[in-house]
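S.K.: The following block contains the structure, expressed as C-alpha cells.
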Amino acid sequence: MHQKSLVELAADLQKGVYSSEELTRACLQRISTHDERLNSFVTVTAAQALAAAQAADGALKAGTAGPLTGIPFAHKDIFCTRGVKTSCGSKMLDNFISPYDATVTEKLLEAGAVMVGKTNMDEFAMGSSNETSFYGPVRNPWDEATVPGGSSGGSAAAVAARLVPASTGTDTGGSIRQPAALCGITGLKPTYGRVSRYGMIAFASSLDQGGAFTRSAADAAVMLGAMAGFDPRDSTSVDRPVDDYVAQLNEPLQGLKIGLPKEYFGEGLDSAVGDAVAAAIDEFRKLGATVVDISLPNTHLSVPAYYVVAPAECSSNLSRFDGVRFGHRAENPQDLEDLYTRSRGEGFGEEVKRRILVGTYALSAGYYDAYYLKAQQVRRLIRDDFLQAFAQVDVIMGPTAPSVAFKLGEKADDPVSMYLSDIYTIAVNLAGLPALSIPAGFSNGLPVGLHVTGNYFQEARLLNVGHQYQQVSDWHTRCPQGFE
C-alpha cells in the first residue's frame with residue numbers, strides 16, 4: 001500500500017480493496033519502524049487517527065465518501081490542532097495544546113482525511129535545512145547524512161520515505177518547494193490568499209502560505225481542492241471560487257509558452273542541477289510547449305528584500321510569546337522584565353533570536369524608511385517583473401534550488417550561505433504567486449527539483465503542467481533505498 005499514490009489509494013478505498021483502518025495502521029507501522037532514522041514526526045496521534053479511519057470507513061460504506069476520505073496525512077506542526085500539541089518546532093510552544101483547529105485542519109478533517117501526526121520543522125518556520133528545530137534535525141531519506149530542506153522538512157521527508165501519502169506544509173520563502181526538491185517529491189505553494197492562514201502560527205504574515213506535499217501533481221490537485229477556499233476569519237483570504245484542479249490535469253500542453261529567466265541559470269547554480277533542469281525542459285518541448293528567453297532583472301534583490309521584510313514581520317508576530325499567556329515561562333522570575341527576558345531567551349533558538357533582532361532593528365525609529373519601506377518598494381519591482389513576464393509566457397521554469405541536498409551541519413555556521421539556498425524561490429513569495437516543484441532527475445544520487453511558477457490563481461495550470469510531465473517521466477515514482 002505504501003508505494004501507491006494518494007489517487008490510487010483513494011480508488012482502492014472506494015472499491016473496498018482494503019479499509020481506511022487497515023491503511024492507517026500500515027502508515028502508523030511504517031512511522032514506528034522508520035521514523036527513528038528520520039525524526040520527521042514530533043507527535044504521532046495513533047488513537048485519534050484510528051478513530052477517524054473508522055469514521056471514514058463508515059462514510060465509504062454509506063457511499064458518502066469524497067476523494068480524500070480515509071486517506072492518512074501528516075500535518076506540519078505549525079497548524080493548530082484541537083487537543084494536540086502544536087509546537088512550531090520550538091521550546092517556546094513545547095507545552096502548547098491548541099484549543100482550536102486551524103481552518104486547513106478543519107477542511108482536511110471535514111474532507112475525511114485521517115491525521116496520523118504532526119511533523120518536525122525549523123523553529124517557527126525559520127530555516128532552510130530543518131536543523132533549527134528544538135526536537136533535533138530531520139534527515140533526508142535519500143541520504144541520512146544530508147538535510148531534507150526546510151522549514152517543512154519533516155513533512156517532505158515523511159512523504160518521500162512513504163510514511164504517508166501526503167502532508168501539509170507552509171511556504172514563506174520556499175519552505176514547501178525547496179524541501180520537495182531536496183526530497184524528490186511534489187510540493188505546491190498556492191497563490192497568497194488561496195489557502196486560509198487562520199490557525200497557522202504566523203512567521204511573516206504577508207508571505208506565509210499553506211500548501212501540500214505529495215508524490216505527484218495529480219495528488220496535489222486533490223489536496224489543494226480540499227484546502228483552498230475563502231475564510232472570513234482570515235483577513236488576507238481571497239473570496240474567489242475554488243477551481244476543479246483535477247478536471248484540468250489532462251489538458252494537452254500544445255502551445256504552452258515557457259519562460260526561462262536568464263537570472264536563474266547563471267553563477268551559483270550547480271552544473272548537474274542545471275543539466276537536469278535543461279533535460280526536463282526538453283521534455284516539455286516534445287509535449288508541444290515553446291520556450292522563450294526572458295529576464296527578471298530584479299531577481300538579485302529578492303534575497304536582501306526578503307531578509308528585511310520577513311524578519312521585520314517575525315519581530316512583530318513573535319512579540320506575543322512573552323511568558324505571560326501561553327508557551328514557555330521562566331521559573332521564579334524576579335520581576336516583569338526578568339520574566340520577559342528569560343522566557344524569551346530560554347524559549348527561542350539562535351536563528352529565531354537572530355531574525356527577531358534583525359527585524360526589530362529594521363523597524364526601529366530612524367531605520368524604518370531606510371530598510372523596511374525600501375524593501376517593500378523593491379518587492380513591488382519584483383512583482384512587476386513577473387507581471388511583465390506573464391504578458392509573454394504562461395509559466396516560468398527553472399531550478400528549485402541551486403544544489404542538491406547538502407550535508408547536515410555544512411551551513412549551520414554560515415547564515416548567509418543558508419539563506420541563499422532559497423534564492424530561486426523567495427521572489428515568488430514576495431510577489432504572492434503560486435509555484436510548484438516537481439522531481440526532475442538526480443545528481444550524485446540525490447533528487448533535483450524543477451520549479452514552475454504561474455500567474456495569480458493559476459494553480460490548475462501549474463498542476464496540469466506538472467501532471468503532463470509526470471506522464472512522460474518517472475522521477476516522482478522513485479523511492480529512497482531502505483524505504484521500499
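Every chain in the C-alpha cells has a letter given in the order shown (A, B, ...), and although residue numbers restart at 1 in each chain, ligands are simply numbered from 1 in the order shown.
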Give one line per residue of stretch 147-252 of chain A that approaches stretch 435-453 of chain A to at most 7 Å, naming the two atoms of the closest pair and their distance in Å to one decimal, counting only C-alpha atoms; sort by chain then ascending residue number and deliver it as a Markdown table.
M.R.:
```
| residue | atom | partner | partner_atom | distance |
| --- | --- | --- | --- | --- |
| A:Arg177 | CA | A:Ser437 | CA | 5.2 |
| A:Ala180 | CA | A:Ser437 | CA | 6.5 |
| A:Ala181 | CA | A:Gly449 | CA | 4.1 |
| A:Leu182 | CA | A:Pro447 | CA | 5.7 |
| A:Cys183 | CA | A:Pro447 | CA | 6.3 |
| A:Gly184 | CA | A:Pro447 | CA | 4.9 |
| A:Ile185 | CA | A:Pro439 | CA | 5.8 |
| A:Thr186 | CA | A:Ile438 | CA | 4.7 |
| A:Gly187 | CA | A:Ser437 | CA | 5.2 |
| A:Leu188 | CA | A:Leu436 | CA | 4.6 |
| A:Lys189 | CA | A:Ala435 | CA | 5.3 |
| A:Pro190 | CA | A:Ala435 | CA | 6.5 |
```
S.K.: Mind listing the strand (DSSP E or B) residues of stretch 225-329 of chain A, per DSSP on the backbone, as a list of chain:residue names?
M.R.: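 Strand (DSSP E or B) members of stretch 225-329 of chain A, listed: A:Ala228, A:Lys257, A:Ile258, A:Gly259, A:Leu260, A:Pro261, A:Thr290, A:Val291, A:Val292, A:Asp293, A:Ile294.
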S.K.: In terms of the shortest atom-to-atom distance over only C-alpha atoms, which of A:Leu336, A:Ala111, A:Leu6, A:Ile396 is closest to A:Ala218?
M.R.: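 Checking each of A:Leu336, A:Ala111, A:Leu6, A:Ile396 against A:Ala218, counting only C-alpha atoms, the winner is A:Leu6.
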S.K.: Write out as a PyMOL selection string the residues lying within 10 Å of stretch 142-150 of chain A, counting only C-alpha atoms and excluding same-chain residues fewer than 5 positions away.
M.R.: chain A and resi 37-38+40+120-123+125-132+137+155-157+160-161+169-171+173-184+401+404-410+421-422+445-447+479-483
S.K.: Just C-alpha atoms for this one: save the residues we selected as a compact mmCIF listing (two decimals), in the first residue's frame.
M.R.:
```txt
# COMPACT_ATOMS: atom_id res chain seq x y z
CA ARG A 37 16.08 7.25 11.48
CA LEU A 38 14.46 10.37 10.07
CA SER A 40 10.25 13.59 10.80
CA ASN A 120 9.01 18.29 12.64
CA MET A 121 10.05 21.68 11.25
CA ASP A 122 12.54 24.50 11.56
CA GLU A 123 11.68 26.55 14.62
CA ALA A 125 9.44 28.04 10.12
CA MET A 126 12.78 29.88 10.15
CA GLY A 127 15.36 27.86 8.27
CA SER A 128 16.20 26.07 5.03
CA SER A 129 17.51 22.79 6.41
CA ASN A 130 15.28 21.66 9.30
CA GLU A 131 18.26 21.95 11.65
CA THR A 132 16.84 24.72 13.87
CA PRO A 137 17.22 17.87 12.77
CA SER A 155 6.55 16.84 6.06
CA ALA A 156 8.75 16.36 2.97
CA ALA A 157 10.79 13.51 4.48
CA ALA A 160 9.49 10.82 0.42
CA ALA A 161 10.02 7.85 2.77
CA GLY A 169 3.48 22.47 4.70
CA THR A 170 3.88 26.23 4.79
CA ASP A 171 5.92 28.36 2.43
CA GLY A 173 10.32 31.91 1.17
CA GLY A 174 10.44 28.43 -0.34
CA SER A 175 9.69 26.19 2.63
CA ILE A 176 7.48 23.81 0.65
CA ARG A 177 9.23 23.85 -2.71
CA GLN A 178 12.86 23.63 -1.55
CA PRO A 179 12.34 20.55 0.70
CA ALA A 180 10.17 18.99 -2.02
CA ALA A 181 13.09 19.36 -4.42
CA LEU A 182 15.68 18.03 -1.96
CA CYS A 183 13.49 15.02 -1.08
CA GLY A 184 12.36 14.17 -4.62
CA ALA A 401 17.33 25.03 -5.51
CA VAL A 404 21.01 19.05 -4.25
CA ALA A 405 20.71 18.37 -0.51
CA PHE A 406 23.78 19.44 1.47
CA LYS A 407 25.30 17.74 4.49
CA LEU A 408 23.86 18.21 7.96
CA GLY A 409 25.87 20.94 9.68
CA GLU A 410 27.51 22.11 6.44
CA SER A 421 19.50 28.06 -0.59
CA ASP A 422 16.18 29.78 -1.31
CA GLY A 445 22.17 10.03 -6.15
CA LEU A 446 20.20 12.99 -4.75
CA PRO A 447 16.99 14.47 -6.23
CA CYS A 479 11.76 5.63 -3.73
CA PRO A 480 14.78 6.06 -1.42
CA GLN A 481 16.71 2.86 -0.77
CA GLY A 482 15.69 1.23 2.51
CA PHE A 483 12.15 2.64 2.38
```
S.K.: Based on the backbone DSSP call, show me all residues of stretch 95-162 of chain A assigned helix (DSSP H, G or I), as a list of chain:residue names.
M.R.: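 DSSP on the backbone gives helix (DSSP H, G or I) at A:Thr103, A:Val104, A:Thr105, A:Glu106, A:Lys107, A:Leu108, A:Leu109, A:Glu110, A:Glu123, A:Phe124, A:Ala125, A:Gly153, A:Gly154, A:Ser155, A:Ala156, A:Ala157, A:Ala158, A:Val159, A:Ala160.
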S.K.: Find the spatial neighbours of A:Lys286, counting only C-alpha atoms, within a cut-off of 12 Å - ignore same-chain residues fewer than 2 positions away - and output them as an MDAnalysis selection string.
M.R.: chainID A and resid 252:256 279:284 288:291 468:469 472
